[in-house]
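*Asks:* What follows is a single structure, and I will ask about it in a moment.
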Amino acid sequence: MQAQASPEGQPVYPATAERGESHGAETARTVRSTPIAGTAEPLAATRRVGAHTSIAGGLAEALDLARRLRCTTLQIFSASPRMWTDGRQKIDPAQAAEFRERRRALELDPVVIHANYLINLAAPDRRLRELSIRGFRGELERAIALAADFLVVHPGSRRDGPVDEAIERIADSLRQAAAGLELGRLRILPEITAGQGSVVGSRVEELRAILDACPELNLGVCLDTAHLLAAGYEIRTEAGLDSTLAEIDRSLGLDLVRVVHVNDSKAPFGSHVDRHEHLGRGHIGLEALRRFVNDPRLAGRAFILETPIDRPGDDWRNVRTLWRLAGIEWARPAGKGDGLRPRKRSQAKQTARPAVKSGGKRRARKTAAKRTSRLKRKR
Ligand SMILES: [Zn+2]
Ligand SMILES: [Zn+2]
């Protein structure tokens, strides 16, 4: 599908343009007319650039953090991504209201939630699948409470079973998880995968089959530049990107692509290994990423980083680079909270837990102000 454009030729976020409800209309107007604080650049207000942002300091604080990083959209986990919540981890209504309110005030749009990594909607094992369905129902309930626009989920792993049966299980799991829930504006987006092991969804045809197996859920899809490269889609050259997008359009429809994860790849082309890298330091490179994020066929999509935090300031540098690729230059944000704290590998599991549950002496020593200013990417 050809990308939509406003009369001024600026990209318009397609979900808001299509949604047609009062909220969508409001958002589209806001997005077009309001420049981001600190710049008079009108284009910046129409580009949707974001990063996966830590909720370690709290859900609403993640929004502040994204804004300090000059994001116009963001992705978060709504609970620990590596712990079973068994569908019981609800969000306190007051906390959800605060999140929705602040998100409106900061004009962050869309809000994307990434589902827990343990969820395997394709699991042949009945117990794991039941846990996954309950877990995903919890994801849906929290996403609805937060008025999120998109919930990104990995299709799952088929283990030794055939792909077509796994796809049936995925669709069935999604249906069961969503049964009786009013999704409203929320749209579920299965994400393309690198195709590691027996993971489903590294070919767009497989994503298409998932969508076709549960049409009533009105699914979209999420692309990931690192996953595409590792899955064997040649996105490094102009001709390769052209044929990749043409193929996605043919078998899926580019209008279904709502979110794009922008990551460079530590793993080479076709390796089926999922390893994200800082923009410009991996096998994709800046020129290819520039072509990708500026392709008119993807205009208006939310481009969201899931790059590592190895050194202080990595988040800010990657967000700045992504804006540069989109043709916009930012000054460094003032004050704290610009992702200055690296995530230590050994702390990955600990930092993956929500702040309320991951106490401990080190955290206890921090002041509240420091805590909210800290960013640990949780992936
Ligand atoms: Zn993902
Ligand atoms: Zn991703």
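Just so we're on the same page: first chain in the structure tokens is A, next is B, and so on; residues restart at 1 for each chain, and ligands are numbered from 1 in the order they show up.
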Counting only C-alpha atoms and all ligand atoms, which protein, DNA or RNA residues come within 10 Å of ligand 1, given as a PyMOL selection string?
*Replies:* chain A and resi 114-117+152-155+190-194+222-224+227+261+274+306+379
*Asks:* Give the strand (DSSP E or B) residues of segment 114-339 of chain A, as DSSP finds them on the backbone, and put them as a VMD selection string.
*Replies:* chain A and resid 114 150 to 153 157 187 to 191 199 221 to 224 257 to 262 264 to 265 276 to 277 302 to 305
*Asks:* Using atom CA of Arg203 of chain A and atom CA of Gly161 of chain A as the two end points, give the distance in Å to one decimal.
*Replies:* 17.0 Å
*Asks:* Can you list, as a PDB file with C-alpha atoms, in the first residue's frame, every protein, DNA or RNA residue that comes within 8 Å of segment 125-142 of chain A when you count only C-alpha atoms, leaving out same-chain residues fewer than 2 positions away?
*Replies:*
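Output file out22.pdb follows:
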ATOM      1  CA  SER A  78       3.794  -3.625  31.370  1.00  0.00           C
ATOM      2  CA  TRP A  84       5.329 -15.559  34.821  1.00  0.00           C
ATOM      3  CA  THR A  85       2.612 -13.247  36.015  1.00  0.00           C
ATOM      4  CA  ASP A  86      -0.063 -15.876  35.450  1.00  0.00           C
ATOM      5  CA  GLY A  87      -2.464 -13.141  34.414  1.00  0.00           C
ATOM      6  CA  ARG A  88      -2.712 -11.922  37.997  1.00  0.00           C
ATOM      7  CA  GLN A  89      -0.435  -8.902  37.780  1.00  0.00           C
ATOM      8  CA  LYS A  90      -3.053  -6.200  37.384  1.00  0.00           C
ATOM      9  CA  ILE A  91      -2.296  -2.528  37.166  1.00  0.00           C
ATOM     10  CA  ALA A 115       4.693  -8.904  25.731  1.00  0.00           C
ATOM     11  CA  ASN A 116       6.565 -11.152  28.129  1.00  0.00           C
ATOM     12  CA  LEU A 118       8.193 -16.491  28.333  1.00  0.00           C
ATOM     13  CA  ILE A 119       4.845 -16.556  26.566  1.00  0.00           C
ATOM     14  CA  ASN A 120       4.760 -19.251  23.883  1.00  0.00           C
ATOM     15  CA  LEU A 121       1.397 -19.181  22.151  1.00  0.00           C
ATOM     16  CA  ALA A 122       2.576 -21.981  19.842  1.00  0.00           C
ATOM     17  CA  ALA A 123       3.655 -24.363  22.608  1.00  0.00           C
ATOM     18  CA  ILE A 144      -6.268  -2.018  27.776  1.00  0.00           C
ATOM     19  CA  ALA A 145      -5.911  -0.409  31.216  1.00  0.00           C
ATOM     20  CA  LEU A 146      -3.008   1.722  29.943  1.00  0.00           C
ATOM     21  CA  LEU A 151       0.793  -5.047  21.912  1.00  0.00           C
ATOM     22  CA  SER A 173      -4.235 -19.153  21.896  1.00  0.00           C
ATOM     23  CA  LEU A 174      -4.802 -15.543  20.814  1.00  0.00           C
ATOM     24  CA  GLN A 176      -8.717 -17.780  23.979  1.00  0.00           C
ATOM     25  CA  ALA A 177      -6.642 -15.027  25.573  1.00  0.00           C
ATOM     26  CA  ALA A 178      -8.817 -12.285  24.074  1.00  0.00           C
ATOM     27  CA  LEU A 181     -12.283  -8.676  26.311  1.00  0.00           C
ATOM     28  CA  LEU A 183      -9.905  -4.530  22.903  1.00  0.00           C
TER      29      LEU A 183
END
*Asks:* Out of segment 71-261 of chain A, which residues get alpha helix (DSSP H) from DSSP, as a ChimeraX atom specification?
*Replies:* /A:93-106,126-145,163-178,204-213,225-231,238-251
*Asks:* With distances taken over only C-alpha atoms and all ligand atoms, which residue among A:Val259, A:Leu74, A:Val49, A:Ala60 lies nearest ligand 2?
*Replies:*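 Of A:Val259, A:Leu74, A:Val49, A:Ala60, the one nearest ligand 2 is A:Val259, counting only C-alpha atoms and all ligand atoms.
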*Asks:* Measure the distance from atom CA of Ala171 of chain A to atom CA of Val260 of chain A in Å and round it to one decimal.
*Replies:*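 Taking atom CA of Ala171 of chain A as the start and atom CA of Val260 of chain A as the end point, the length is 22.1 Å.
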*Asks:* Taking into account only C-alpha atoms, which residue in the set A:Glu165, A:Glu287, A:Glu206, A:Asp295 is nearest to Ala246 of chain A?
*Replies:*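 When distances to Ala246 of chain A are compared using only C-alpha atoms, the smallest one comes from A:Asp295.
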*Asks:* Write out as a list of chain:residue names each polymer residue whose atoms come within 7 Å of Ala267 of chain A, counting only C-alpha atoms; drop sequence neighbours fewer than 5 positions from it.
*Replies:*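 The contact residues come out as A:Ala230, A:Val273, A:Asp274, A:Arg275, A:His283.
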*Asks:* Take atom CA of Arg70 of chain A and atom CA of Phe292 of chain A and report the distance between them in Å, one decimal.
*Replies:*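 Here the two named atoms are 20.4 Å from each other.
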*Asks:* I need the residue nearest ligand 2 from this list: A:Asp255, A:Glu216, A:Glu277, A:Asp164. Use only C-alpha atoms and all ligand atoms for the distance.
*Replies:*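 Of the candidates, the smallest distance to ligand 2 is held by A:Glu277.
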*Asks:* Within 9 Å of Leu229 of chain A, counting only C-alpha atoms, which residues qualify if same-chain residues fewer than 3 places away don't, as a PyMOL selection string?
*Replies:* chain A and resi 194+224-226+232-236+265+267-272+283-284
*Asks:* Could you turn the residues from that selection into a file that holds N, CA and C atoms, as a short mmCIF file (atom, residue, chain, number, x, y, z; two decimals), in the first residue's frame?
*Replies:*
data_model
loop_
_atom_site.label_atom_id
_atom_site.label_comp_id
_atom_site.auth_asym_id
_atom_site.auth_seq_id
_atom_site.Cartn_x
_atom_site.Cartn_y
_atom_site.Cartn_z
N ALA A 194 13.81 -13.68 13.98
CA ALA A 194 15.06 -14.02 13.29
C ALA A 194 15.04 -15.48 12.84
N ASP A 224 11.14 -5.84 12.47
CA ASP A 224 12.35 -5.57 13.25
C ASP A 224 13.51 -5.69 12.26
N THR A 225 14.27 -4.61 12.09
CA THR A 225 15.32 -4.62 11.07
C THR A 225 16.36 -5.71 11.33
N ALA A 226 16.72 -5.91 12.59
CA ALA A 226 17.72 -6.94 12.92
C ALA A 226 17.17 -8.33 12.63
N GLY A 232 17.16 -13.50 6.79
CA GLY A 232 17.53 -13.68 5.39
C GLY A 232 16.85 -12.71 4.43
N TYR A 233 16.31 -11.61 4.94
CA TYR A 233 15.79 -10.56 4.08
C TYR A 233 16.91 -9.55 3.83
N GLU A 234 17.26 -9.35 2.56
CA GLU A 234 18.38 -8.48 2.22
C GLU A 234 17.93 -7.02 2.28
N ILE A 235 18.12 -6.40 3.44
CA ILE A 235 17.68 -5.01 3.57
C ILE A 235 18.86 -4.05 3.52
N ARG A 236 20.06 -4.56 3.20
CA ARG A 236 21.24 -3.69 3.24
C ARG A 236 21.41 -2.88 1.96
N SER A 265 22.28 -5.15 13.67
CA SER A 265 22.37 -6.57 14.01
C SER A 265 23.81 -7.02 14.23
N ALA A 267 24.42 -10.11 14.52
CA ALA A 267 24.45 -11.38 13.78
C ALA A 267 24.35 -11.09 12.29
N PRO A 268 25.09 -11.85 11.48
CA PRO A 268 25.10 -11.58 10.03
C PRO A 268 23.82 -11.99 9.30
N PHE A 269 23.76 -11.57 8.06
CA PHE A 269 22.64 -11.88 7.16
C PHE A 269 22.34 -13.38 7.13
N GLY A 270 21.08 -13.74 7.32
CA GLY A 270 20.68 -15.13 7.20
C GLY A 270 21.14 -16.04 8.32
N SER A 271 21.70 -15.48 9.39
CA SER A 271 22.26 -16.31 10.47
C SER A 271 21.18 -16.92 11.37
N HIS A 272 19.96 -16.40 11.31
CA HIS A 272 18.87 -16.82 12.20
C HIS A 272 19.23 -16.66 13.67
N HIS A 283 25.75 -5.32 11.26
CA HIS A 283 25.81 -5.79 9.88
C HIS A 283 24.86 -5.04 8.94
N ILE A 284 23.98 -4.20 9.49
CA ILE A 284 23.08 -3.45 8.62
C ILE A 284 23.71 -2.12 8.22
#
